[in-house]
$ cat coords_14.txt   # compact mmCIF, C-alpha atoms
# COMPACT_ATOMS: atom_id res chain seq x y z
CA MET A 1 0.20 -10.16 26.51
CA SER A 2 -0.84 -6.64 25.68
CA TYR A 3 1.00 -3.60 27.02
CA THR A 4 -0.40 -1.01 29.38
CA LYS A 5 -0.75 2.56 28.09
CA GLU A 6 2.37 3.45 30.15
CA GLN A 7 4.40 0.68 28.53
CA VAL A 8 3.28 1.85 25.09
CA ASP A 9 4.37 5.43 25.86
CA GLU A 10 7.71 4.15 27.14
CA HIS A 11 8.37 2.19 23.94
CA LEU A 12 7.18 5.01 21.69
CA ASN A 13 9.77 7.31 23.27
CA LEU A 14 12.44 5.04 21.80
CA LEU A 15 10.74 4.49 18.45
CA LYS A 16 11.59 7.28 16.01
CA GLY A 17 8.58 8.71 14.15
CA TRP A 18 5.90 6.39 15.55
CA THR A 19 2.87 7.77 17.36
CA LEU A 20 -0.25 6.35 18.98
CA VAL A 21 -3.39 6.91 16.86
CA GLU A 22 -7.05 6.12 17.52
CA GLU A 23 -6.01 4.72 20.91
CA ARG A 24 -5.07 1.27 19.63
CA PHE A 25 -2.69 1.67 16.69
CA ILE A 26 0.86 2.88 16.29
CA GLU A 27 1.59 4.67 13.03
CA ARG A 28 4.49 6.17 11.11
CA LYS A 29 4.69 8.09 7.83
CA TYR A 30 7.82 7.52 5.75
CA VAL A 31 8.51 10.00 2.94
CA PHE A 32 10.65 9.07 -0.09
CA TYR A 33 12.16 11.12 -2.90
CA SER A 34 10.38 8.97 -5.51
CA PHE A 35 7.27 6.80 -5.77
CA MET A 36 9.33 3.73 -6.76
CA LYS A 37 11.62 4.13 -3.74
CA GLY A 38 8.52 3.97 -1.55
CA ILE A 39 7.45 0.80 -3.39
CA SER A 40 10.89 -0.78 -2.71
CA PHE A 41 10.40 0.03 0.96
CA VAL A 42 6.96 -1.64 0.91
CA ASP A 43 8.63 -4.77 -0.51
CA GLU A 44 11.00 -4.75 2.49
CA VAL A 45 8.08 -4.16 4.85
CA ALA A 46 6.30 -7.16 3.31
CA THR A 47 9.30 -9.45 3.89
CA ILE A 48 9.62 -8.32 7.51
CA SER A 49 5.90 -8.71 8.22
CA GLU A 50 5.86 -12.21 6.69
CA ALA A 51 8.75 -13.18 8.99
CA PHE A 52 6.74 -11.93 11.99
CA ASN A 53 3.49 -13.30 10.51
CA HIS A 54 2.02 -9.98 11.63
CA HIS A 55 0.91 -7.56 8.91
CA PRO A 56 0.60 -3.79 9.15
CA LEU A 57 -2.00 -1.75 7.33
CA ILE A 58 -0.03 -0.12 4.49
CA THR A 59 -1.08 3.03 2.65
CA ILE A 60 0.90 4.34 -0.33
CA ASP A 61 0.01 7.92 -1.15
CA TYR A 62 2.46 8.77 -3.97
CA LYS A 63 5.85 9.31 -2.23
CA THR A 64 4.50 8.72 1.29
CA VAL A 65 4.16 5.27 2.86
CA ILE A 66 2.10 5.02 6.03
CA LEU A 67 2.34 1.94 8.25
CA ARG A 68 -0.13 1.19 11.04
CA LEU A 69 0.20 -1.67 13.52
CA THR A 70 -1.88 -3.23 16.25
CA SER A 71 -2.37 -6.69 17.77
CA TRP A 72 -6.00 -7.46 16.96
CA ASP A 73 -5.96 -10.76 18.88
CA GLU A 74 -4.84 -9.03 22.06
CA GLY A 75 -7.16 -6.06 21.65
CA TYR A 76 -4.28 -3.58 21.99
CA LEU A 77 -0.55 -3.17 21.36
CA THR A 78 2.06 -5.80 22.23
CA ALA A 79 5.83 -6.35 22.11
CA ILE A 80 5.53 -7.70 18.55
CA ASP A 81 4.18 -4.35 17.28
CA MET A 82 7.11 -2.51 18.81
CA LYS A 83 9.72 -5.00 17.56
CA GLU A 84 8.28 -4.91 14.06
CA ALA A 85 8.11 -1.09 14.02
CA GLN A 86 11.77 -1.05 15.04
CA GLN A 87 12.66 -3.33 12.11
CA TYR A 88 10.75 -1.08 9.68
CA ASN A 89 12.73 1.87 10.99
CA GLU A 90 16.00 -0.04 10.52
CA ALA A 91 15.03 -0.99 6.93
CA PHE A 92 14.21 2.68 6.24
CA GLU A 93 17.49 3.93 7.73
CA LYS A 94 19.43 1.37 5.70
CA MET A 95 17.71 2.49 2.47
CA CYS A 96 18.41 6.16 3.26
CA SER A 97 22.01 5.46 4.17
CA ASN A 98 22.58 3.51 0.89
CA GLU A 99 21.01 6.43 -0.95
CA ARG A 100 23.37 8.92 0.72
CA LYS A 101 26.34 6.70 -0.28
CA ASN A 102 25.12 6.62 -3.91
CA VAL A 103 24.72 10.41 -3.97
CA ARG A 104 28.29 10.83 -2.65
CA GLN A 105 29.65 8.40 -5.24
CA ARG A 106 27.86 10.23 -8.07
CA SER A 107 29.04 13.67 -6.99
CA MET B 108 -10.49 17.14 -20.10
CA SER B 109 -12.59 15.74 -17.28
CA TYR B 110 -15.57 13.48 -17.91
CA THR B 111 -19.18 14.26 -17.12
CA LYS B 112 -20.95 12.13 -14.51
CA GLU B 113 -22.74 10.33 -17.39
CA GLN B 114 -19.45 9.52 -19.11
CA VAL B 115 -18.06 8.18 -15.84
CA ASP B 116 -21.11 5.92 -15.38
CA GLU B 117 -20.78 4.70 -18.95
CA HIS B 118 -17.12 3.76 -18.45
CA LEU B 119 -17.77 2.16 -15.06
CA ASN B 120 -20.31 -0.18 -16.67
CA LEU B 121 -17.45 -1.66 -18.69
CA LEU B 122 -14.91 -1.66 -15.84
CA LYS B 123 -15.23 -4.80 -13.72
CA GLY B 124 -15.26 -4.19 -9.97
CA TRP B 125 -14.72 -0.41 -10.04
CA THR B 126 -17.21 1.94 -8.40
CA LEU B 127 -17.50 5.69 -7.86
CA VAL B 128 -16.73 6.73 -4.27
CA GLU B 129 -16.90 10.10 -2.53
CA GLU B 130 -18.09 11.61 -5.83
CA ARG B 131 -14.61 12.08 -7.29
CA PHE B 132 -12.74 8.78 -7.04
CA ILE B 133 -13.07 5.39 -8.66
CA GLU B 134 -12.11 2.46 -6.45
CA ARG B 135 -11.69 -1.30 -6.62
CA LYS B 136 -10.84 -3.91 -3.97
CA TYR B 137 -8.76 -6.87 -5.15
CA VAL B 138 -8.62 -9.91 -2.85
CA PHE B 139 -5.73 -12.40 -2.98
CA TYR B 140 -5.21 -15.82 -1.45
CA SER B 141 -2.02 -14.63 0.28
CA PHE B 142 -0.50 -11.39 1.53
CA MET B 143 2.58 -11.82 -0.70
CA LYS B 144 0.44 -12.33 -3.80
CA GLY B 145 -1.17 -8.96 -3.03
CA ILE B 146 2.30 -7.41 -2.72
CA SER B 147 3.28 -8.82 -6.15
CA PHE B 148 0.16 -7.19 -7.56
CA VAL B 149 1.15 -3.86 -5.97
CA ASP B 150 4.53 -4.15 -7.73
CA GLU B 151 2.68 -4.52 -11.05
CA VAL B 152 0.42 -1.60 -10.16
CA ALA B 153 3.51 0.51 -9.45
CA THR B 154 5.03 -0.27 -12.87
CA ILE B 155 1.78 0.59 -14.65
CA SER B 156 1.29 3.83 -12.72
CA GLU B 157 4.87 4.94 -13.41
CA ALA B 158 4.27 4.36 -17.14
CA PHE B 159 1.15 6.59 -16.93
CA ASN B 160 2.90 8.97 -14.51
CA HIS B 161 -0.40 8.89 -12.64
CA HIS B 162 -0.42 7.24 -9.22
CA PRO B 163 -3.37 5.67 -7.41
CA LEU B 164 -3.83 5.71 -3.67
CA ILE B 165 -2.95 2.14 -2.63
CA THR B 166 -4.10 0.48 0.59
CA ILE B 167 -2.88 -2.98 1.58
CA ASP B 168 -5.02 -4.54 4.31
CA TYR B 169 -3.55 -8.04 4.66
CA LYS B 170 -4.83 -9.99 1.60
CA THR B 171 -6.90 -7.08 0.23
CA VAL B 172 -5.44 -4.38 -2.03
CA ILE B 173 -7.59 -1.30 -2.60
CA LEU B 174 -6.82 1.10 -5.45
CA ARG B 175 -8.33 4.55 -5.74
CA LEU B 176 -7.90 6.89 -8.69
CA THR B 177 -8.78 10.47 -9.58
CA SER B 178 -7.32 13.24 -11.72
CA TRP B 179 -6.50 15.92 -9.15
CA ASP B 180 -5.37 18.45 -11.80
CA GLU B 181 -8.71 18.21 -13.60
CA GLY B 182 -10.78 18.23 -10.42
CA TYR B 183 -12.60 15.02 -11.43
CA LEU B 184 -12.17 11.80 -13.40
CA THR B 185 -10.63 11.62 -16.87
CA ALA B 186 -9.83 9.07 -19.60
CA ILE B 187 -6.48 8.35 -17.95
CA ASP B 188 -8.18 7.07 -14.78
CA MET B 189 -10.34 4.68 -16.80
CA LYS B 190 -7.45 3.45 -18.98
CA GLU B 191 -5.26 2.87 -15.96
CA ALA B 192 -8.04 1.04 -14.05
CA GLN B 193 -8.47 -1.20 -17.11
CA GLN B 194 -4.74 -2.04 -17.07
CA TYR B 195 -4.89 -2.89 -13.35
CA ASN B 196 -7.79 -5.23 -14.09
CA GLU B 197 -5.82 -6.88 -16.90
CA ALA B 198 -2.77 -7.34 -14.62
CA PHE B 199 -5.04 -8.90 -11.98
CA GLU B 200 -6.71 -11.24 -14.48
CA LYS B 201 -3.31 -12.30 -15.79
CA MET B 202 -2.07 -13.09 -12.25
CA CYS B 203 -5.24 -15.08 -11.51
CA SER B 204 -5.05 -16.95 -14.78
CA ASN B 205 -1.36 -17.88 -14.18
CA GLU B 206 -2.37 -19.03 -10.71
CA ARG B 207 -5.13 -21.26 -12.13
CA LYS B 208 -2.60 -22.78 -14.57
CA ASN B 209 -0.18 -23.50 -11.69
CA VAL B 210 -2.94 -25.15 -9.65
CA ARG B 211 -3.85 -27.38 -12.62
CA GLN B 212 -0.22 -28.33 -13.17
CA ARG B 213 0.24 -29.24 -9.49
CA SER B 214 -2.95 -31.36 -9.33

$ encode --input "coords_14.txt" --output "structure tokens"
Amino acid sequence: MSYTKEQVDEHLNLLKGWTLVEERFIERKYVFYSFMKGISFVDEVATISEAFNHHPLITIDYKTVILRLTSWDEGYLTAIDMKEAQQYNEAFEKMCSNERKNVRQRS
Amino acid sequence: MSYTKEQVDEHLNLLKGWTLVEERFIERKYVFYSFMKGISFVDEVATISEAFNHHPLITIDYKTVILRLTSWDEGYLTAIDMKEAQQYNEAFEKMCSNERKNVRQRS
């Protein structure tokens, strides 16, 4: 069942970096320090979206990866979009946190 | 050195599936039988573009992967765009040909 606009706003408040665009999508831009790091993230995104059987539109513009989600079948946004966005954020945080560990170990 | 419009047209005649868009990009859509097959292709695209140090804009819309190239520094299209597009085509053909072999072996 699709969310109301109020429910979407409520969820977006808790979803770091994601915003409502074109009235029916949620979108986030993730920026990486290298092109290949962004590609690794896209591989993680692919695994997550296969598990949900719900696929975001993915744009890779050099070191920036943009993800856009909506529930086409429901004509708007649903719980699955929010859950999936949350998992993308967790995958991103995990990658960044591993990177910080590696930098500390090298220095 | 950037190509003339005539040189671009000449190269595009030999470059399967690629067309000129918005007057300064060349673009091709590759369609796969699964989302994950498209992701594997993007991984190949990433390796090729790192070798050229020249990165296409990549869009993944479920089973469709769209690549778009231009030479920003030169303000138009150059030999590198055409060479790279050719390598993407070869990677795609190789994936499709391996897939055909697998289908034959399974049947």

$ atom_distance --input "coords_14.txt" --atom1 "atom CA of Arg175 of chain B" --atom2 "atom CA of Lys136 of chain B"
9.0 Å

$ closest_residue --input "coords_14.txt" --among "B:Tyr140, B:Asn160, B:Ile133, B:Ala186" --to "Arg207 of chain B" --atoms "only C-alpha atoms"
B:Tyr140

$ atom_distance --input "coords_14.txt" --atom1 "atom CA of Met143 of chain B" --atom2 "atom CA of His54 of chain A"
12.5 Å

$ closest_atom_pairs --input "coords_14.txt" --of "chain B" --to "chain A" --cutoff "7 Å" --atoms "only C-alpha atoms" --output "Markdown table"
| residue | atom | partner | partner_atom | distance |
| --- | --- | --- | --- | --- |
| B:His162 | CA | A:Tyr62 | CA | 6.2 |
| B:Leu164 | CA | A:Asp61 | CA | 5.1 |
| B:Ile165 | CA | A:Ile60 | CA | 5.0 |
| B:Thr166 | CA | A:Thr59 | CA | 4.5 |
| B:Ile167 | CA | A:Ile58 | CA | 5.0 |
| B:Asp168 | CA | A:Leu57 | CA | 5.1 |
| B:Tyr169 | CA | A:His55 | CA | 6.2 |

$ atom_distance --input "coords_14.txt" --atom1 "atom CA of Ser204 of chain B" --atom2 "atom CA of Ser141 of chain B"
15.5 Å

$ closest_residue --input "coords_14.txt" --among "A:Asn89, A:Thr4, A:Thr64, A:Thr78" --to "Gly17 of chain A" --atoms "all atoms listed in the file"
A:Asn89

$ residues_around --input "coords_14.txt" --residues "Leu12 of chain A" --least-positions-apart "3" --cutoff "12 Å" --atoms "all atoms listed in the file" --output "ChimeraX atom specification"
/A:3,5-9,15-21,25-28,77-79,81-83,85-86

$ closest_residue --input "coords_14.txt" --among "A:Leu69, A:Glu74, A:Leu14, A:Phe32" --to "Met1 of chain A" --atoms "all atoms listed in the file"
A:Glu74

$ closest_residue --input "coords_14.txt" --among "A:Thr70, A:Lys37, A:Arg106, A:Glu84" --to "Glu22 of chain A" --atoms "only C-alpha atoms"
A:Thr70

$ residues_around --input "coords_14.txt" --residues "Ala198 of chain B" --least-positions-apart "3" --cutoff "8 Å" --atoms "all atoms listed in the file" --output "tab-separated table (two decimals) with C-alpha atoms, in the coordinates of the input"
chain	number	residue	atom	x	y	z
B	148	PHE	CA	0.16	-7.19	-7.56
B	151	GLU	CA	2.68	-4.52	-11.05
B	152	VAL	CA	0.42	-1.60	-10.16
B	194	GLN	CA	-4.74	-2.04	-17.07
B	195	TYR	CA	-4.89	-2.89	-13.35
B	201	LYS	CA	-3.31	-12.30	-15.79
B	202	MET	CA	-2.07	-13.09	-12.25

$ closest_residue --input "coords_14.txt" --among "B:Ile187, B:Ile155, B:Arg211, B:Asp180" --to "Phe199 of chain B" --atoms "only C-alpha atoms"
B:Ile155

$ build_atoms --input "coords_14.txt" --residues "segment 94-105 of chain A" --atoms "all heavy atoms" --output "compact mmCIF listing (two decimals), in the coordinates of the input"
# COMPACT_ATOMS: atom_id res chain seq x y z
N LYS A 94 18.47 2.04 6.59
CA LYS A 94 19.43 1.37 5.70
C LYS A 94 19.24 1.88 4.25
O LYS A 94 20.22 2.19 3.58
CB LYS A 94 19.18 -0.14 5.76
CG LYS A 94 20.38 -0.96 5.34
CD LYS A 94 20.13 -2.43 5.63
CE LYS A 94 21.05 -3.27 4.76
NZ LYS A 94 20.68 -4.70 4.82
N MET A 95 17.98 1.99 3.82
CA MET A 95 17.71 2.49 2.47
C MET A 95 18.24 3.92 2.31
O MET A 95 18.86 4.26 1.31
CB MET A 95 16.20 2.51 2.19
CG MET A 95 15.67 1.20 1.65
SD MET A 95 13.89 1.28 1.31
CE MET A 95 13.86 2.36 -0.12
N CYS A 96 17.99 4.75 3.32
CA CYS A 96 18.41 6.16 3.26
C CYS A 96 19.93 6.25 3.26
O CYS A 96 20.51 7.07 2.55
CB CYS A 96 17.86 6.95 4.44
SG CYS A 96 16.08 7.07 4.38
N SER A 97 20.56 5.39 4.05
CA SER A 97 22.01 5.46 4.17
C SER A 97 22.64 4.99 2.86
O SER A 97 23.61 5.59 2.37
CB SER A 97 22.44 4.65 5.39
OG SER A 97 23.47 3.79 5.10
N ASN A 98 22.09 3.94 2.21
CA ASN A 98 22.58 3.51 0.89
C ASN A 98 22.42 4.64 -0.13
O ASN A 98 23.28 4.86 -0.97
CB ASN A 98 21.82 2.28 0.40
CG ASN A 98 22.22 1.04 1.18
OD1 ASN A 98 23.26 1.02 1.82
ND2 ASN A 98 21.38 0.02 1.14
N GLU A 99 21.30 5.34 -0.03
CA GLU A 99 21.01 6.43 -0.95
C GLU A 99 22.05 7.55 -0.80
O GLU A 99 22.55 8.08 -1.78
CB GLU A 99 19.60 6.97 -0.67
CG GLU A 99 18.99 7.72 -1.80
CD GLU A 99 19.23 7.06 -3.15
OE1 GLU A 99 19.03 5.84 -3.32
OE2 GLU A 99 19.64 7.81 -4.06
N ARG A 100 22.37 7.86 0.46
CA ARG A 100 23.37 8.92 0.72
C ARG A 100 24.72 8.52 0.13
O ARG A 100 25.41 9.32 -0.47
CB ARG A 100 23.48 9.18 2.23
CG ARG A 100 22.37 10.06 2.77
CD ARG A 100 22.65 10.53 4.19
NE ARG A 100 22.65 9.45 5.16
CZ ARG A 100 21.56 9.05 5.85
NH1 ARG A 100 20.41 9.64 5.68
NH2 ARG A 100 21.66 8.07 6.72
N LYS A 101 25.07 7.21 0.28
CA LYS A 101 26.34 6.70 -0.28
C LYS A 101 26.34 6.88 -1.80
O LYS A 101 27.31 7.33 -2.38
CB LYS A 101 26.49 5.20 0.04
CG LYS A 101 27.24 4.95 1.33
CD LYS A 101 27.48 3.46 1.50
CE LYS A 101 27.21 3.05 2.92
NZ LYS A 101 26.85 1.65 3.08
N ASN A 102 25.21 6.51 -2.45
CA ASN A 102 25.12 6.62 -3.91
C ASN A 102 25.27 8.06 -4.36
O ASN A 102 25.93 8.36 -5.35
CB ASN A 102 23.78 6.07 -4.41
CG ASN A 102 23.71 4.57 -4.23
OD1 ASN A 102 24.74 3.92 -4.09
ND2 ASN A 102 22.51 4.01 -4.23
N VAL A 103 24.65 8.98 -3.62
CA VAL A 103 24.72 10.41 -3.97
C VAL A 103 26.18 10.87 -3.88
O VAL A 103 26.69 11.55 -4.77
CB VAL A 103 23.79 11.25 -3.06
CG1 VAL A 103 24.09 12.74 -3.22
CG2 VAL A 103 22.34 10.96 -3.37
N ARG A 104 26.88 10.44 -2.82
CA ARG A 104 28.29 10.83 -2.65
C ARG A 104 29.15 10.29 -3.79
O ARG A 104 30.00 10.96 -4.32
CB ARG A 104 28.82 10.31 -1.30
CG ARG A 104 28.52 11.26 -0.15
CD ARG A 104 29.49 11.06 1.02
NE ARG A 104 29.47 9.71 1.52
CZ ARG A 104 28.63 9.26 2.46
NH1 ARG A 104 27.74 10.08 2.98
NH2 ARG A 104 28.68 8.01 2.87
N GLN A 105 28.85 9.01 -4.17
CA GLN A 105 29.65 8.40 -5.24
C GLN A 105 29.43 9.09 -6.58
O GLN A 105 30.33 9.18 -7.40
CB GLN A 105 29.32 6.90 -5.35
CG GLN A 105 30.12 6.07 -4.35
CD GLN A 105 29.53 4.68 -4.14
OE1 GLN A 105 28.60 4.30 -4.82
NE2 GLN A 105 30.06 3.95 -3.19
